[in-house]
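*Asks:* One structure, as structure tokens, below. Some questions next.
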Amino acid sequence: MAQNNGTFESNLAAIPASARKNFLTRAFGSEDYAVRAAALRRETRSRAVIYIGAGTCGLAAGAAKTLEAARKHIKDNKLEADVLEVGCIGYCAAEPLLDVQLPGHARVSFQRATGDAVPALLDSVFRDKAPLKDNILGQFTEPGAKKWSKVPLLSEHPFFFKQMRFVLKHCGIVNPLSIEEHIARGGYSAFLKVIHTMTPQHACEAVEASGLRGRGGGGFPTGKKWKIALASDADQKYIICNADEGDPGAFMDRAVIEGDPHRVLEGIAIGAYAIHASKAYIYIRAEYPLAVKNLRRAIEQAKAYGLLGENIFGSGFDLDVIIKMGAGAFVCGEETALMNSIEGRRGMPKPRPPYPAVKGLFGKPTVINNVETFANVAEIMFLGPQVFADIGTKNSKGTKVFALSGKVNRTGLVEIPMGTTLREIVFDIGGGIENGLAFKAVQIGGPSGGCIPDNKMDTQVDYESLKTVGAMMGSGGLVVMDEKTCMVDVAKFFMDFIKRESCGKCIPCREGTMRMLEILKSITRHRRGEKENEALARFSGIINLENLSQVIRETSLCGLGQTAPNPVLSTLRWFRDEYEAHIFERRCPAGACTEMLEFSIDQDKCKGCTLCARACPTQAIVGKIKLPHYIVSEKCISCGSCRTICKFKAVSAA
Amino acid sequence: MKPESKAARVLENYAFAKRDKLIPILQDIQAADGFLSKQAVLEVARHLKIPSSKVYGVATFYNQFRFKPLGRHHIMICRGTACHVKGSAAVLKMTEEALGIKAGDTTRDGLFSIEVVACIGACGLAPVISINGEFHAKITPDKIKKLVDEIKTTEKSNGAK
């Protein structure tokens, strides 16, 4: 068995001397590896480094301009500094992020470092040696580096304080395009140890001992899945990494691949060895161009190092990794549908059994795990299974990454040990609700999950506890909703999504989701000019809504269909009063179902300032200056711009 | 000499391809041509020796494939959960109204096309859109209108030159 608390040295000590020498020479040349590795970890350096978080989210926030401004500033001031594009550290709300590391000093991190702010920020560090307070996020804790005075520690920042970085450990820290940096932080030593010193059986057992469960949603024990595939006898086996992160509201897989692709690759390689697979597929979304680019690069580098290919470091183990681009179908998150898609067919699920671990891709035994699972595998093998098993709750081990988004102050990627409560995530890490509004619910688990209300927020995050409140772990989207979010509208949104994404194979799912959406639409519509038969259809629909959910759940083939009614069932369970308000009182308590609203301007309060008329995107507001305005209801799209902009609170909606 | 189609050029790279290469081939053709033409679907079917109905079946199944040319400015609007909660429905509505087309269509002058995507994966900065691959965070109906108007003006001045 693997020893506990493995290190780079202890992992490499186990492999044959020739392979070890070969590996170290390739990574670090003839230099002493300890010296070179420290330099690659930037513990010893003579030049300053400027890090810019340039993941997809960083770029959306304007990191490209930050990058340009930083390069220009260095050139103009002839600074001794390198600029490095790194992945995302996870704090999206503070982006763009810019970090500076002066030789001998701790790395200091700035938030909201937009292009215009860059010169002032860099001057404050390089010239004044006093990081600008307004934008400071914190400083890193680094051994041997001089701490900045009056700069808080990043680890004590409320966003990071309760987090435990296991999967995201290196995201935003390392250069994702450098295999050397990955190796300098211990990368691939676990893989080499596994292929040289462990049998596949042992590798499966180690993963099983760690208690790791699939992070894609289902939560099936990973080690157990591998064992089944290992036991199936076949001339060819496959391993697939599911990076088709289809859940709207989840983006941790993208961040991990963008920020630390080698970790995922190492996990896949270990998995392939453990089940005797010589071919690995990575099925990744085409919507993630940067992740695909970084992954391609990582595979090329690993091949050049001999970490992929034939007879890897003399172990006799061959592995080929192929990237397959997904073409955009949510149902391909289902294992059997994903395999159909790789085979070049429509991504429709097949009945199970036979399970993929017995008869999968091209009829051969296949294991599918998602990105986060593989990233965990690499770390488990590096540190030893016990370290992982010590984190978390009785049945859910390790950490889980969540994508915290919606109406919360601090959005971003959050990694917490299992057993943390949802309240801690939303209020302590996330910093509560934006604009001081009241919290209503948190949506967890994507379209198959559920909404959790305030009085259940002390639920622990683990696979079983979440099920008791009608939700599920899912892949890890956490969307926070405030009092202005209508739960019926949320249910409608998910039904619309599922209706579009239903593959059409099973009638209950294909037709049933359509009908459920129609029912939800009918109760969120205004009833001006509704005919009698339409009212009757609406009425009978409401009566049948729960019944219909039951039928879809029980008669669908795959996970998508079986969980399709969840958004409706969970909102009905906790927010029945909102449905009733829509149905009986014909109003939306949250004021979000804009179709039910009619905007009007109070003629007494309106001063005729024309602000609303200019803000109106459809020119629906007319009136002369200094005279009360009014809204032409045919033109109004109920966007609410006028209500937001009015200084006299003259616009009301009813 | 008959001018060689883009699809044919893509197919040259897949000389002995089998069925499992169908989706990559379609993706490559779309990357080269911007959409899948009827001609391209027929050529792929002949190349892989499978019925064109099957090719068309696969192509229509996936959201990625388009059968209409793209506009010069391709607007992708994220309709993920976080974006929805933060008001992406209003953004979509505004865009559709500003351009006079529905999602999935291209304007007659070929300048704009709108596409709705399930999730761009930048939920922390919702609502998000991308125009020709460039991301814009925290979009409001007003902002998108301004962006569209800006593009229209620059296109007009370019056209006048």
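In the structure tokens, chains take letters A, B, ... by order of appearance, with residues numbered from 1 within each chain and ligands from 1 in the order shown.
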Produce a table with one row for each residue of chain B that has an atom at most 9 Å from any atom of chain A, each row naming the nearest atom pair and its distance in Å at one decimal; use only C-alpha atoms; arrange rows by chain and rising residue number; format as CSV.
*Replies:*
```
residue,atom,partner,partner_atom,distance
B:Lys18,CA,A:Gly344,CA,8.9
B:Arg19,CA,A:Gly344,CA,5.6
B:Asp20,CA,A:Gly344,CA,4.3
B:Lys21,CA,A:Gly344,CA,6.3
B:Leu22,CA,A:Gly344,CA,5.3
B:Ile23,CA,A:Gly344,CA,5.7
B:Pro24,CA,A:Met325,CA,7.3
B:Gln27,CA,A:Ala327,CA,8.0
B:Lys54,CA,A:Arg345,CA,8.4
B:Val55,CA,A:Arg345,CA,8.8
B:Gly57,CA,A:Arg346,CA,7.3
B:Val58,CA,A:Arg346,CA,5.0
B:Ala59,CA,A:Arg346,CA,8.3
B:Thr60,CA,A:Arg346,CA,8.9
B:Phe61,CA,A:Arg346,CA,6.2
B:Tyr62,CA,A:Gly328,CA,5.5
B:Asn63,CA,A:Gly328,CA,5.0
B:Gln64,CA,A:Ala327,CA,5.1
B:Phe65,CA,A:Ala327,CA,7.5
B:Arg79,CA,A:Pro248,CA,7.8
B:Gly80,CA,A:Pro248,CA,4.4
B:Thr81,CA,A:Gly249,CA,5.3
B:Ala82,CA,A:Gly406,CA,4.8
B:Cys83,CA,A:Gly406,CA,7.5
B:His84,CA,A:Phe493,CA,7.8
B:Val85,CA,A:Gly406,CA,6.3
B:Lys86,CA,A:Gly406,CA,6.6
B:Ala90,CA,A:Cys639,CA,6.4
B:Lys93,CA,A:Ile637,CA,8.5
B:Met94,CA,A:Pro617,CA,7.6
B:Glu97,CA,A:Thr618,CA,8.4
B:Ala98,CA,A:Pro617,CA,8.8
B:Val117,CA,A:Glu287,CA,8.7
B:Ala118,CA,A:Pro248,CA,6.0
B:Cys119,CA,A:Pro248,CA,5.0
B:Ile120,CA,A:Glu287,CA,6.4
B:Gly121,CA,A:Phe251,CA,4.9
B:Ala122,CA,A:Cys57,CA,4.9
B:Cys123,CA,A:Ser405,CA,5.8
B:Gly124,CA,A:Thr411,CA,5.0
B:Leu125,CA,A:Ala93,CA,6.7
B:Ala126,CA,A:Gly406,CA,7.4
B:Val128,CA,A:Ala60,CA,8.0
B:Ile129,CA,A:Ala60,CA,9.0
B:Ser130,CA,A:Ala60,CA,8.6
B:Glu134,CA,A:Ala60,CA,7.5
B:Phe135,CA,A:Ala60,CA,4.6
B:His136,CA,A:Ala60,CA,5.4
B:Ala137,CA,A:Ala60,CA,5.5
B:Lys138,CA,A:Ala61,CA,8.6
B:Pro141,CA,A:Pro617,CA,7.7
B:Asp142,CA,A:Pro617,CA,6.9
B:Lys145,CA,A:Pro617,CA,7.8
```
*Asks:* Selected residues, C-alpha atoms, written as a PDB file, in the first residue's frame, please.
*Replies:*
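What follows is the written file again-v8.pdb:
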```pdb
ATOM      1  CA  LYS B  18     -14.915   5.850 -40.028  1.00  0.00           C
ATOM      2  CA  ARG B  19     -18.175   6.780 -38.367  1.00  0.00           C
ATOM      3  CA  ASP B  20     -16.525   7.960 -35.124  1.00  0.00           C
ATOM      4  CA  LYS B  21     -14.945  10.845 -37.043  1.00  0.00           C
ATOM      5  CA  LEU B  22     -18.323  12.193 -38.147  1.00  0.00           C
ATOM      6  CA  ILE B  23     -18.644  14.844 -35.453  1.00  0.00           C
ATOM      7  CA  PRO B  24     -15.042  16.097 -35.774  1.00  0.00           C
ATOM      8  CA  GLN B  27     -16.986  20.584 -36.579  1.00  0.00           C
ATOM      9  CA  LYS B  54     -27.933   9.878 -40.622  1.00  0.00           C
ATOM     10  CA  VAL B  55     -25.472  12.729 -41.052  1.00  0.00           C
ATOM     11  CA  GLY B  57     -29.736  13.443 -37.899  1.00  0.00           C
ATOM     12  CA  VAL B  58     -26.507  13.785 -35.978  1.00  0.00           C
ATOM     13  CA  ALA B  59     -25.973  17.387 -37.066  1.00  0.00           C
ATOM     14  CA  THR B  60     -29.429  18.498 -35.966  1.00  0.00           C
ATOM     15  CA  PHE B  61     -29.134  16.709 -32.635  1.00  0.00           C
ATOM     16  CA  TYR B  62     -26.312  18.862 -31.342  1.00  0.00           C
ATOM     17  CA  ASN B  63     -26.705  22.531 -30.484  1.00  0.00           C
ATOM     18  CA  GLN B  64     -23.362  23.441 -31.971  1.00  0.00           C
ATOM     19  CA  PHE B  65     -24.265  22.903 -35.613  1.00  0.00           C
ATOM     20  CA  ARG B  79     -28.690  31.629 -20.643  1.00  0.00           C
ATOM     21  CA  GLY B  80     -27.211  29.725 -17.733  1.00  0.00           C
ATOM     22  CA  THR B  81     -28.834  29.738 -14.302  1.00  0.00           C
ATOM     23  CA  ALA B  82     -26.709  32.484 -12.830  1.00  0.00           C
ATOM     24  CA  CYS B  83     -27.214  34.650 -15.895  1.00  0.00           C
ATOM     25  CA  HIS B  84     -30.941  34.005 -15.768  1.00  0.00           C
ATOM     26  CA  VAL B  85     -31.185  35.002 -12.118  1.00  0.00           C
ATOM     27  CA  LYS B  86     -29.267  38.164 -12.954  1.00  0.00           C
ATOM     28  CA  ALA B  90     -34.183  40.899 -20.610  1.00  0.00           C
ATOM     29  CA  LYS B  93     -35.183  40.267 -25.489  1.00  0.00           C
ATOM     30  CA  MET B  94     -33.457  43.592 -25.967  1.00  0.00           C
ATOM     31  CA  GLU B  97     -35.626  43.749 -30.542  1.00  0.00           C
ATOM     32  CA  ALA B  98     -32.620  45.860 -31.396  1.00  0.00           C
ATOM     33  CA  VAL B 117     -25.841  29.125 -25.340  1.00  0.00           C
ATOM     34  CA  ALA B 118     -26.507  27.036 -22.258  1.00  0.00           C
ATOM     35  CA  CYS B 119     -23.544  28.294 -20.270  1.00  0.00           C
ATOM     36  CA  ILE B 120     -20.345  30.101 -21.175  1.00  0.00           C
ATOM     37  CA  GLY B 121     -18.853  29.230 -17.809  1.00  0.00           C
ATOM     38  CA  ALA B 122     -18.232  32.689 -16.411  1.00  0.00           C
ATOM     39  CA  CYS B 123     -21.110  32.579 -13.960  1.00  0.00           C
ATOM     40  CA  GLY B 124     -19.341  34.751 -11.407  1.00  0.00           C
ATOM     41  CA  LEU B 125     -19.668  37.691 -13.782  1.00  0.00           C
ATOM     42  CA  ALA B 126     -23.239  37.101 -14.925  1.00  0.00           C
ATOM     43  CA  VAL B 128     -22.334  37.345 -19.823  1.00  0.00           C
ATOM     44  CA  ILE B 129     -22.384  37.629 -23.592  1.00  0.00           C
ATOM     45  CA  SER B 130     -19.710  37.209 -26.200  1.00  0.00           C
ATOM     46  CA  GLU B 134     -14.850  38.545 -27.024  1.00  0.00           C
ATOM     47  CA  PHE B 135     -16.536  38.303 -23.640  1.00  0.00           C
ATOM     48  CA  HIS B 136     -18.510  41.084 -22.034  1.00  0.00           C
ATOM     49  CA  ALA B 137     -19.377  40.756 -18.361  1.00  0.00           C
ATOM     50  CA  LYS B 138     -22.253  42.139 -16.302  1.00  0.00           C
ATOM     51  CA  PRO B 141     -30.246  45.669 -21.689  1.00  0.00           C
ATOM     52  CA  ASP B 142     -28.865  49.213 -21.971  1.00  0.00           C
ATOM     53  CA  LYS B 145     -28.097  48.196 -26.999  1.00  0.00           C
TER      54      LYS B 145
END
```
*Asks:* Which residues come within 9 Å of region 99-116 of chain B, counting only C-alpha atoms, excluding same-chain residues fewer than 6 positions away, as a ChimeraX atom specification?
*Replies:* /B:66,68-79,92-93,148,152,155
*Asks:* Could you pull out the residues in region 383-589 of chain A that DSSP calls strand (DSSP E) from the backbone, as a ChimeraX atom specification?
*Replies:* /A:399-406,412-417,439-444,450-453,477-482
*Asks:* Show which residues sit within 8 Å of His526 (chain A), as number ranges by chain. Count only C-alpha atoms, and ignore same-chain residues fewer than 4 positions away.
*Replies:* A: 586, 595-597
*Asks:* If I take CA of Ile507 (chain A) and CA of Leu557 (chain A), how far is one from the other in Å, to one decimal?
*Replies:*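 Atom-to-atom, CA of Ile507 (chain A) and CA of Leu557 (chain A) are spaced 10.0 Å apart.
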*Asks:* Residues at most 12 Å from Met339 (chain A), counting only C-alpha atoms, excluding those fewer than 4 positions away in the same chain, as a PDB file with N, CA and C atoms, in the first residue's frame?
*Replies:*
```pdb
ATOM      1  N   TYR A 238     -11.146   1.375 -22.380  1.00  0.00           N
ATOM      2  CA  TYR A 238     -11.052   2.826 -22.540  1.00  0.00           C
ATOM      3  C   TYR A 238     -11.309   3.539 -21.224  1.00  0.00           C
ATOM      4  N   ILE A 239     -10.703   4.704 -21.090  1.00  0.00           N
ATOM      5  CA  ILE A 239     -11.047   5.575 -19.975  1.00  0.00           C
ATOM      6  C   ILE A 239     -11.437   6.921 -20.572  1.00  0.00           C
ATOM      7  N   ILE A 240     -12.511   7.484 -20.036  1.00  0.00           N
ATOM      8  CA  ILE A 240     -12.993   8.750 -20.578  1.00  0.00           C
ATOM      9  C   ILE A 240     -13.052   9.796 -19.473  1.00  0.00           C
ATOM     10  N   CYS A 241     -12.543  10.969 -19.787  1.00  0.00           N
ATOM     11  CA  CYS A 241     -12.675  12.080 -18.863  1.00  0.00           C
ATOM     12  C   CYS A 241     -13.803  12.965 -19.375  1.00  0.00           C
ATOM     13  N   ASN A 242     -14.836  13.077 -18.579  1.00  0.00           N
ATOM     14  CA  ASN A 242     -15.983  13.884 -18.984  1.00  0.00           C
ATOM     15  C   ASN A 242     -15.750  15.341 -18.595  1.00  0.00           C
ATOM     16  N   TYR A 281      -9.941   9.109 -23.643  1.00  0.00           N
ATOM     17  CA  TYR A 281     -10.600  10.197 -24.360  1.00  0.00           C
ATOM     18  C   TYR A 281     -10.929  11.301 -23.373  1.00  0.00           C
ATOM     19  N   ILE A 282     -10.734  12.533 -23.796  1.00  0.00           N
ATOM     20  CA  ILE A 282     -11.222  13.650 -22.994  1.00  0.00           C
ATOM     21  C   ILE A 282     -12.333  14.304 -23.803  1.00  0.00           C
ATOM     22  N   TYR A 283     -13.523  14.215 -23.264  1.00  0.00           N
ATOM     23  CA  TYR A 283     -14.688  14.753 -23.980  1.00  0.00           C
ATOM     24  C   TYR A 283     -14.958  16.141 -23.418  1.00  0.00           C
ATOM     25  N   LYS A 324     -11.732  14.867 -27.604  1.00  0.00           N
ATOM     26  CA  LYS A 324     -12.947  14.863 -28.427  1.00  0.00           C
ATOM     27  C   LYS A 324     -13.749  16.083 -28.041  1.00  0.00           C
ATOM     28  N   GLY A 326     -17.000  18.067 -27.590  1.00  0.00           N
ATOM     29  CA  GLY A 326     -18.442  17.902 -27.501  1.00  0.00           C
ATOM     30  C   GLY A 326     -19.105  18.898 -28.430  1.00  0.00           C
ATOM     31  N   VAL A 331     -27.501  16.182 -22.481  1.00  0.00           N
ATOM     32  CA  VAL A 331     -27.735  14.768 -22.196  1.00  0.00           C
ATOM     33  C   VAL A 331     -26.434  13.956 -22.281  1.00  0.00           C
ATOM     34  N   CYS A 332     -25.408  14.518 -22.956  1.00  0.00           N
ATOM     35  CA  CYS A 332     -24.136  13.809 -23.057  1.00  0.00           C
ATOM     36  C   CYS A 332     -23.398  13.740 -21.727  1.00  0.00           C
ATOM     37  N   GLY A 333     -23.949  14.356 -20.684  1.00  0.00           N
ATOM     38  CA  GLY A 333     -23.405  14.142 -19.340  1.00  0.00           C
ATOM     39  C   GLY A 333     -23.720  12.730 -18.874  1.00  0.00           C
ATOM     40  N   GLU A 334     -24.727  12.120 -19.469  1.00  0.00           N
ATOM     41  CA  GLU A 334     -25.085  10.728 -19.192  1.00  0.00           C
ATOM     42  C   GLU A 334     -24.053   9.837 -19.879  1.00  0.00           C
ATOM     43  N   GLU A 335     -23.509   8.887 -19.113  1.00  0.00           N
ATOM     44  CA  GLU A 335     -22.392   8.084 -19.627  1.00  0.00           C
ATOM     45  C   GLU A 335     -22.647   7.453 -20.990  1.00  0.00           C
ATOM     46  N   GLU A 343     -18.764   7.899 -30.508  1.00  0.00           N
ATOM     47  CA  GLU A 343     -18.827   6.974 -31.635  1.00  0.00           C
ATOM     48  C   GLU A 343     -19.376   7.639 -32.895  1.00  0.00           C
ATOM     49  N   GLY A 344     -19.777   8.897 -32.786  1.00  0.00           N
ATOM     50  CA  GLY A 344     -20.265   9.619 -33.957  1.00  0.00           C
ATOM     51  C   GLY A 344     -21.754   9.487 -34.183  1.00  0.00           C
ATOM     52  N   ARG A 345     -22.481   9.194 -33.117  1.00  0.00           N
ATOM     53  CA  ARG A 345     -23.938   9.081 -33.240  1.00  0.00           C
ATOM     54  C   ARG A 345     -24.631  10.184 -32.464  1.00  0.00           C
ATOM     55  N   ARG A 346     -25.963  10.184 -32.558  1.00  0.00           N
ATOM     56  CA  ARG A 346     -26.722  11.100 -31.721  1.00  0.00           C
ATOM     57  C   ARG A 346     -26.512  10.710 -30.264  1.00  0.00           C
ATOM     58  N   GLY A 347     -26.361  11.716 -29.425  1.00  0.00           N
ATOM     59  CA  GLY A 347     -26.067  11.424 -28.019  1.00  0.00           C
ATOM     60  C   GLY A 347     -27.302  10.997 -27.251  1.00  0.00           C
ATOM     61  N   MET A 348     -27.739   9.764 -27.498  1.00  0.00           N
ATOM     62  CA  MET A 348     -28.910   9.256 -26.777  1.00  0.00           C
ATOM     63  C   MET A 348     -28.482   8.144 -25.842  1.00  0.00           C
ATOM     64  N   PRO A 349     -29.058   8.105 -24.652  1.00  0.00           N
ATOM     65  CA  PRO A 349     -28.657   7.078 -23.689  1.00  0.00           C
ATOM     66  C   PRO A 349     -29.120   5.687 -24.103  1.00  0.00           C
ATOM     67  N   LYS A 350     -28.404   4.689 -23.581  1.00  0.00           N
ATOM     68  CA  LYS A 350     -28.794   3.296 -23.812  1.00  0.00           C
ATOM     69  C   LYS A 350     -29.232   2.709 -22.471  1.00  0.00           C
ATOM     70  N   TYR A 355     -23.532  -2.278 -17.976  1.00  0.00           N
ATOM     71  CA  TYR A 355     -22.892  -1.046 -17.550  1.00  0.00           C
ATOM     72  C   TYR A 355     -21.646  -0.773 -18.400  1.00  0.00           C
ATOM     73  N   PRO A 356     -21.302   0.520 -18.541  1.00  0.00           N
ATOM     74  CA  PRO A 356     -20.128   0.850 -19.361  1.00  0.00           C
ATOM     75  C   PRO A 356     -18.858   0.146 -18.874  1.00  0.00           C
ATOM     76  N   ALA A 357     -18.757  -0.065 -17.559  1.00  0.00           N
ATOM     77  CA  ALA A 357     -17.552  -0.711 -17.041  1.00  0.00           C
ATOM     78  C   ALA A 357     -17.425  -2.137 -17.563  1.00  0.00           C
ATOM     79  N   LYS A 359     -19.413  -3.157 -20.706  1.00  0.00           N
ATOM     80  CA  LYS A 359     -19.541  -3.040 -22.162  1.00  0.00           C
ATOM     81  C   LYS A 359     -19.858  -1.576 -22.466  1.00  0.00           C
ATOM     82  N   GLY A 360     -18.855  -0.845 -22.875  1.00  0.00           N
ATOM     83  CA  GLY A 360     -19.040   0.589 -23.058  1.00  0.00           C
ATOM     84  C   GLY A 360     -18.699   1.060 -24.453  1.00  0.00           C
ATOM     85  N   LEU A 361     -17.720   1.957 -24.527  1.00  0.00           N
ATOM     86  CA  LEU A 361     -17.341   2.556 -25.799  1.00  0.00           C
ATOM     87  C   LEU A 361     -16.885   1.487 -26.797  1.00  0.00           C
ATOM     88  N   PHE A 362     -17.411   1.522 -28.001  1.00  0.00           N
ATOM     89  CA  PHE A 362     -17.143   0.528 -29.050  1.00  0.00           C
ATOM     90  C   PHE A 362     -17.305  -0.897 -28.510  1.00  0.00           C
ATOM     91  N   GLY A 363     -18.210  -1.049 -27.542  1.00  0.00           N
ATOM     92  CA  GLY A 363     -18.472  -2.375 -26.990  1.00  0.00           C
ATOM     93  C   GLY A 363     -17.429  -2.882 -26.014  1.00  0.00           C
ATOM     94  N   LYS A 364     -16.472  -2.014 -25.640  1.00  0.00           N
ATOM     95  CA  LYS A 364     -15.388  -2.445 -24.747  1.00  0.00           C
ATOM     96  C   LYS A 364     -15.590  -1.846 -23.351  1.00  0.00           C
ATOM     97  N   PRO A 365     -15.002  -2.469 -22.315  1.00  0.00           N
ATOM     98  CA  PRO A 365     -15.141  -1.923 -20.955  1.00  0.00           C
ATOM     99  C   PRO A 365     -14.590  -0.501 -20.885  1.00  0.00           C
ATOM    100  N   THR A 366     -15.352   0.370 -20.261  1.00  0.00           N
ATOM    101  CA  THR A 366     -15.007   1.782 -20.263  1.00  0.00           C
ATOM    102  C   THR A 366     -15.309   2.395 -18.898  1.00  0.00           C
ATOM    103  N   VAL A 367     -14.414   3.240 -18.452  1.00  0.00           N
ATOM    104  CA  VAL A 367     -14.677   3.988 -17.218  1.00  0.00           C
ATOM    105  C   VAL A 367     -14.808   5.457 -17.578  1.00  0.00           C
ATOM    106  N   ILE A 368     -15.856   6.081 -17.039  1.00  0.00           N
ATOM    107  CA  ILE A 368     -16.022   7.519 -17.243  1.00  0.00           C
ATOM    108  C   ILE A 368     -15.992   8.217 -15.893  1.00  0.00           C
TER     109      ILE A 368
ATOM    110  N   ASP B  20     -16.835   7.197 -36.344  1.00  0.00           N
ATOM    111  CA  ASP B  20     -16.525   7.960 -35.124  1.00  0.00           C
ATOM    112  C   ASP B  20     -15.901   9.317 -35.435  1.00  0.00           C
TER     113      ASP B  20
END
```
*Asks:* With a distance cut-off of 9 Å and only C-alpha atoms, select the neighbouring residues of Ala17 (chain B), excluding the residue or stretch itself and same-chain residues fewer than 5 positions from it, and output the selection as a ChimeraX atom specification.
*Replies:* /B:11,22,47-48
*Asks:* Would you export the selected residues with N, CA and C atoms as a JSON list (two decimals), in the first residue's frame, please?
*Replies:*
```
[["chain", "number", "residue", "atom", "x", "y", "z"],
["B", 11, "LEU", "N", -12.37, 17.14, -45.84],
["B", 11, "LEU", "CA", -12.45, 15.68, -45.94],
["B", 11, "LEU", "C", -11.11, 15.06, -46.35],
["B", 22, "LEU", "N", -17.26, 11.36, -37.57],
["B", 22, "LEU", "CA", -18.32, 12.19, -38.15],
["B", 22, "LEU", "C", -18.42, 13.56, -37.47],
["B", 47, "HIS", "N", -18.59, 10.53, -48.35],
["B", 47, "HIS", "CA", -17.24, 10.21, -47.92],
["B", 47, "HIS", "C", -17.22, 9.08, -46.88],
["B", 48, "LEU", "N", -18.15, 9.16, -45.92],
["B", 48, "LEU", "CA", -18.16, 8.16, -44.85],
["B", 48, "LEU", "C", -18.99, 6.93, -45.20]]
```
*Asks:* Take CA of Ile452 (chain A) and CA of Lys400 (chain A) and report the distance between them in Å, one decimal.
*Replies:* 18.0 Å
*Asks:* Can you pull out every residue from region 436-556 of chain A that DSSP, working from the backbone, puts in helix (DSSP H, G or I), and format the result as a PyMOL selection string?
*Replies:* chain A and resi 436+446-448+454-456+463-468+487-501+507-523+532-555
*Asks:* Generate the output file for the selected residues, C-alpha atoms, as a CSV table (one decimal), in the first residue's frame.
*Replies:*
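Output saved as selection_38.csv:
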```
chain,number,residue,atom,x,y,z
A,436,GLY,CA,-28.6,44.1,1.4
A,446,GLY,CA,-28.0,22.2,-11.8
A,447,PRO,CA,-31.2,21.3,-13.6
A,448,SER,CA,-31.4,18.0,-11.8
A,454,ASP,CA,-33.4,29.5,4.4
A,455,ASN,CA,-34.5,27.1,7.1
A,456,LYS,CA,-32.6,24.2,5.5
A,463,TYR,CA,-24.1,13.3,-0.9
A,464,GLU,CA,-26.7,11.9,1.5
A,465,SER,CA,-27.7,15.1,3.4
A,466,LEU,CA,-28.4,17.0,0.3
A,467,LYS,CA,-30.8,14.3,-0.9
A,468,THR,CA,-32.9,14.5,2.3
A,487,MET,CA,-39.2,30.5,-7.7
A,488,VAL,CA,-41.9,29.7,-10.2
A,489,ASP,CA,-39.8,31.6,-12.8
A,490,VAL,CA,-36.7,29.6,-11.8
A,491,ALA,CA,-38.7,26.3,-12.2
A,492,LYS,CA,-39.9,27.5,-15.6
A,493,PHE,CA,-36.3,28.4,-16.6
A,494,PHE,CA,-35.1,24.9,-15.8
A,495,MET,CA,-38.1,23.2,-17.5
A,496,ASP,CA,-37.4,25.2,-20.6
A,497,PHE,CA,-33.8,24.1,-20.4
A,498,ILE,CA,-34.7,20.4,-19.9
A,499,LYS,CA,-37.3,20.5,-22.6
A,500,ARG,CA,-34.8,21.7,-25.1
A,501,GLU,CA,-32.1,19.2,-24.0
A,507,ILE,CA,-41.9,9.8,-24.6
A,508,PRO,CA,-42.6,10.8,-20.9
A,509,CYS,CA,-39.5,13.0,-20.9
A,510,ARG,CA,-39.9,14.4,-24.4
A,511,GLU,CA,-43.6,15.2,-24.1
A,512,GLY,CA,-43.9,15.5,-20.4
A,513,THR,CA,-41.4,18.2,-19.9
A,514,MET,CA,-43.1,20.1,-22.7
A,515,ARG,CA,-46.4,19.9,-20.9
A,516,MET,CA,-44.9,20.9,-17.6
A,517,LEU,CA,-43.4,23.9,-19.2
A,518,GLU,CA,-46.7,24.8,-20.7
A,519,ILE,CA,-48.4,24.6,-17.3
A,520,LEU,CA,-45.7,26.8,-15.7
A,521,LYS,CA,-46.0,29.3,-18.6
A,522,SER,CA,-49.7,29.5,-18.2
A,523,ILE,CA,-49.5,30.4,-14.6
A,532,GLU,CA,-62.6,30.2,-21.3
A,533,ASN,CA,-61.1,27.0,-22.7
A,534,GLU,CA,-57.6,28.4,-22.0
A,535,ALA,CA,-58.6,29.0,-18.4
A,536,LEU,CA,-59.9,25.5,-18.2
A,537,ALA,CA,-56.7,24.0,-19.7
A,538,ARG,CA,-54.6,26.1,-17.2
A,539,PHE,CA,-56.8,24.8,-14.3
A,540,SER,CA,-56.5,21.1,-15.3
A,541,GLY,CA,-52.8,21.6,-15.9
A,542,ILE,CA,-52.2,22.8,-12.3
A,543,ILE,CA,-54.1,19.9,-10.9
A,544,ASN,CA,-52.0,17.4,-12.9
A,545,LEU,CA,-48.6,19.0,-12.4
A,546,GLU,CA,-47.4,16.8,-9.5
A,547,ASN,CA,-48.9,13.7,-11.0
A,548,LEU,CA,-47.1,14.4,-14.3
A,549,SER,CA,-43.8,14.8,-12.4
A,550,GLN,CA,-44.3,11.5,-10.8
A,551,VAL,CA,-44.8,9.7,-14.2
A,552,ILE,CA,-41.8,11.4,-15.8
A,553,ARG,CA,-39.6,10.4,-12.9
A,554,GLU,CA,-40.6,6.8,-12.9
A,555,THR,CA,-40.7,6.0,-16.6
```
*Asks:* For a test of reading the model, state the distance in Å between CA of Ala45 (chain B) and CA of Lys505 (chain A), rounded to one decimal.
*Replies:* 23.8 Å
*Asks:* As a PyMOL selection string, please: the residues near Leu212 (chain A) (cut-off 7 Å, only C-alpha atoms, same-chain neighbours under 2 positions excluded).
*Replies:* chain A and resi 207-208+210+214+221-222+397
